[in-house]
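> Questions regarding the structure given below will be posed in turn.
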Amino acid sequence: MATVGQTLLIDSGPAGKHLFVVVWGPQSVPGMGSKPKVVMVDVCTIDPSLPYDSTCMLTSGEHRFIKNPSYIAYHFARIEDEAVVDVNVASGLWARHDPMDPGVLKRIHGGVCRSGETRTWLRQLIPCP
């Protein structure tokens, strides 16, 4: 069962595995049926030669998987059926990792409201004050 604060390693092609953080759910989403959904955001390594969203930056030590300066890529947030998450973890396609520290998770949630990269659907699920 996916829970807020859980992290998952998900294959992202040639770049290897990316760390995703569950930031919402599991709950049903109006207009998307009755199956519980979760929302995950992507943790990306900063490449100083490329633009990136500096709203929520993470450093080595804030999570065991993070070895280099990183950021939350709110633009790449994804919504998944909770059952899909469970099947992908059980099959080994995705892997659970250490939970995100509650303080870091709070920063990630706060960034949903501040980032210009956050999609409208995510702002509707995680209301901004």
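Labeling convention for the structure tokens: chains A, B, ... as they appear, residues from 1 per chain, ligands from 1 in order of appearance.
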Would you pick out the contacts of Thr7 of chain A at 7 Å or less, using only C-alpha atoms, so that residues sharing its chain but fewer than 5 positions from it are not included, and give the list as an mmCIF file with all heavy atoms, in the first residue's frame?

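Full text of out36.cif as output:
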data_model
loop_
_atom_site.group_PDB
_atom_site.id
_atom_site.type_symbol
_atom_site.label_atom_id
_atom_site.label_comp_id
_atom_site.auth_asym_id
_atom_site.auth_seq_id
_atom_site.Cartn_x
_atom_site.Cartn_y
_atom_site.Cartn_z
ATOM 1 N N LEU A 19 14.214 8.657 -8.051
ATOM 2 C CA LEU A 19 13.497 8.586 -6.792
ATOM 3 C C LEU A 19 12.205 9.387 -6.927
ATOM 4 O O LEU A 19 12.228 10.550 -7.358
ATOM 5 C CB LEU A 19 14.348 9.172 -5.664
ATOM 6 C CG LEU A 19 13.793 9.035 -4.260
ATOM 7 C CD1 LEU A 19 13.821 7.573 -3.813
ATOM 8 C CD2 LEU A 19 14.596 9.892 -3.291
ATOM 9 N N PHE A 20 11.088 8.759 -6.609
ATOM 10 C CA PHE A 20 9.794 9.432 -6.575
ATOM 11 C C PHE A 20 9.292 9.424 -5.150
ATOM 12 O O PHE A 20 9.531 8.477 -4.407
ATOM 13 C CB PHE A 20 8.783 8.712 -7.477
ATOM 14 C CG PHE A 20 8.942 9.039 -8.937
ATOM 15 C CD1 PHE A 20 9.937 8.442 -9.685
ATOM 16 C CD2 PHE A 20 8.095 9.948 -9.559
ATOM 17 C CE1 PHE A 20 10.095 8.734 -11.027
ATOM 18 C CE2 PHE A 20 8.242 10.249 -10.901
ATOM 19 C CZ PHE A 20 9.228 9.640 -11.638
ATOM 20 N N VAL A 21 8.589 10.488 -4.781
ATOM 21 C CA VAL A 21 8.033 10.638 -3.429
ATOM 22 C C VAL A 21 6.519 10.703 -3.525
ATOM 23 O O VAL A 21 5.979 11.515 -4.293
ATOM 24 C CB VAL A 21 8.557 11.928 -2.761
ATOM 25 C CG1 VAL A 21 8.036 12.042 -1.328
ATOM 26 C CG2 VAL A 21 10.071 12.002 -2.809
ATOM 27 N N VAL A 22 5.829 9.855 -2.774
ATOM 28 C CA VAL A 22 4.368 9.919 -2.715
ATOM 29 C C VAL A 22 4.002 11.131 -1.867
ATOM 30 O O VAL A 22 4.415 11.236 -0.709
ATOM 31 C CB VAL A 22 3.766 8.622 -2.121
ATOM 32 C CG1 VAL A 22 2.247 8.749 -1.982
ATOM 33 C CG2 VAL A 22 4.140 7.411 -2.972
ATOM 34 N N ARG A 96 10.629 -0.078 -3.413
ATOM 35 C CA ARG A 96 10.460 0.834 -2.275
ATOM 36 C C ARG A 96 11.840 1.235 -1.768
ATOM 37 O O ARG A 96 12.784 0.453 -1.815
ATOM 38 C CB ARG A 96 9.704 0.158 -1.147
ATOM 39 C CG ARG A 96 8.273 -0.147 -1.465
ATOM 40 C CD ARG A 96 7.556 -0.679 -0.220
ATOM 41 N NE ARG A 96 6.333 -1.353 -0.558
ATOM 42 C CZ ARG A 96 5.171 -0.748 -0.770
ATOM 43 N NH1 ARG A 96 5.097 0.557 -0.682
ATOM 44 N NH2 ARG A 96 4.093 -1.445 -1.070
ATOM 45 N N HIS A 97 11.919 2.461 -1.282
ATOM 46 C CA HIS A 97 13.158 2.935 -0.671
ATOM 47 C C HIS A 97 12.784 3.544 0.674
ATOM 48 O O HIS A 97 11.626 3.491 1.096
ATOM 49 C CB HIS A 97 13.843 3.957 -1.595
ATOM 50 C CG HIS A 97 15.332 4.013 -1.428
ATOM 51 N ND1 HIS A 97 15.927 4.557 -0.323
ATOM 52 C CD2 HIS A 97 16.336 3.565 -2.212
ATOM 53 C CE1 HIS A 97 17.247 4.466 -0.436
ATOM 54 N NE2 HIS A 97 17.519 3.854 -1.581
ATOM 55 N N ASP A 98 13.768 4.107 1.369
ATOM 56 C CA ASP A 98 13.520 4.699 2.685
ATOM 57 C C ASP A 98 12.437 5.776 2.597
ATOM 58 O O ASP A 98 12.390 6.524 1.617
ATOM 59 C CB ASP A 98 14.793 5.360 3.224
ATOM 60 C CG ASP A 98 15.928 4.379 3.408
ATOM 61 O OD1 ASP A 98 15.680 3.162 3.439
ATOM 62 O OD2 ASP A 98 17.080 4.834 3.511
ATOM 63 N N PRO A 99 11.605 5.893 3.623
ATOM 64 C CA PRO A 99 10.610 6.979 3.621
ATOM 65 C C PRO A 99 11.309 8.341 3.657
ATOM 66 O O PRO A 99 12.440 8.462 4.141
ATOM 67 C CB PRO A 99 9.803 6.751 4.892
ATOM 68 C CG PRO A 99 10.448 5.643 5.640
ATOM 69 C CD PRO A 99 11.538 5.063 4.805
ATOM 70 N N MET A 100 10.617 9.338 3.141
ATOM 71 C CA MET A 100 11.147 10.702 3.158
ATOM 72 C C MET A 100 10.981 11.271 4.561
ATOM 73 O O MET A 100 9.951 11.040 5.215
ATOM 74 C CB MET A 100 10.404 11.568 2.132
ATOM 75 C CG MET A 100 11.011 12.941 1.922
ATOM 76 S SD MET A 100 12.755 12.941 1.409
ATOM 77 C CE MET A 100 12.635 12.395 -0.273
#
> How far is it from atom CA of Cys56 of chain A to atom CA of Ser115 of chain A, in Å with one decimal?
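According to the coordinates, atom CA of Cys56 of chain A and atom CA of Ser115 of chain A are separated by 8.4 Å.
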> Taking only C-alpha atoms into account, which of A:Glu117, A:Asp42, A:Glu82, A:Asp101 comes nearest Pro26 of chain A?
A:Glu82
> Tell me, in Å to one decimal, how far atom CA of Ser54 of chain A is from atom CA of Tyr71 of chain A.
6.5 Å
> Between A:Ala95, A:Leu50, A:Val84, A:Ala77, which has the minimum distance to Val112 of chain A (counting only C-alpha atoms)?
A:Ala77
> Can you list every residue in segment 44-116 of chain A that DSSP puts in strand (DSSP E or B), as a PyMOL selection string?
chain A and resi 44-45+57-58+70-81+95-97
> Distance atom CA of Pro69 of chain A-atom CA of Ser12 of chain A, one decimal place?
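Separation between atom CA of Pro69 of chain A and atom CA of Ser12 of chain A: 18.5 Å.
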